[in-house]
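Structure record follows, encoded as structure tokens.
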Amino acid sequence: MSTTATYDVAGMTCGHCVTAVTQELSALPGVSSVVVDLKTGDTSPVRVTSDAPLDAEQVRAAVDEAGYEVVGSRS
Ligand code: 9UX
């Protein structure tokens with residue numbers, strides 16, 4: 001069983017941003033897949049699949065570490 005949540009991430013404008021966010025989120029425990037739908041100039045939906053639901057604060061910190069901001073999330 002796995003679970004997927006979508007996070008809206010602000011501030012990403014190029015492929016390197018996508019790489020940075022993907023690497024940070026992939027490093028969280030239990031994460032098996034990170035898919036970023038880059039929308040330059042807008043918030044980008046990031047779909048994260050994990051073994052168990054992720055802690056929102058952990059996700060926020062990981063995205064912040066990469067240099068961007070979580071502005072919303074949904075299941
Ligand atoms: Mo690309 Mo993203 O040069 O912060 S890495 S815009």
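Going through the structure tokens in order, the chains are called A, B, and so on, while each chain numbers its residues from 1 and the ligands are numbered from 1 in the order shown.
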query: Do you know which residues are at most 10 Å from A:Ala10 counting only C-alpha atoms, after dropping those on the same chain fewer than 3 positions away, and could you put them as number ranges by chain?
result: A: 7, 13, 39-45, 63, 67-72
Create the file for the chosen residues now, containing C-alpha atoms and written as a compact mmCIF listing (two decimals), in the first residue's frame.
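Below is the file that was written, again.txt:
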```
# COMPACT_ATOMS: atom_id res chain seq x y z
CA TYR A 7 1.76 19.79 -2.91
CA THR A 13 11.04 28.31 -12.76
CA LYS A 39 4.51 25.62 -14.30
CA THR A 40 6.89 28.50 -14.76
CA GLY A 41 5.49 31.72 -13.30
CA ASP A 42 2.86 29.85 -11.30
CA THR A 43 2.76 27.31 -8.48
CA SER A 44 3.72 23.83 -9.63
CA PRO A 45 1.87 20.72 -8.48
CA VAL A 63 10.88 22.05 0.01
CA GLY A 67 14.71 27.01 -1.75
CA TYR A 68 10.99 26.95 -2.53
CA GLU A 69 7.70 27.15 -0.68
CA VAL A 70 4.71 24.86 -0.18
CA VAL A 71 1.61 27.01 -0.56
CA GLY A 72 -1.01 24.27 -0.55
```
Near-ligand residues for ligand 1, threshold 7 Å, only C-alpha atoms and all ligand atoms, as number ranges by chain: A: 11-17, 67
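The closest residue to A:Leu54, picked from A:Met1, A:Val31, A:Val18, A:Leu38 and counting only C-alpha atoms, is A:Val31.
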- prompt: Leaving out A:Ser33 and any residue of its chain fewer than 5 positions from it, which residues lie within 12 Å of it when counting only C-alpha atoms, given as a PyMOL selection string?
  reply: chain A and resi 2-6+22-28+46-51
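Distance check against A:Ala20 using only C-alpha atoms: of A:Asp37, A:Glu57, A:Asp8, A:Glu65, the minimum falls on A:Glu65.
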field: Members of chain A assigned strand (DSSP E or B) by DSSP, as number ranges by chain
entry: A: 3-10, 31-36, 44-50, 69-74
message: Can you pull out every residue from chain A that DSSP, working from the backbone, puts in alpha helix (DSSP H), and format the result as a PyMOL selection string?
response: chain A and resi 15-26+56-66
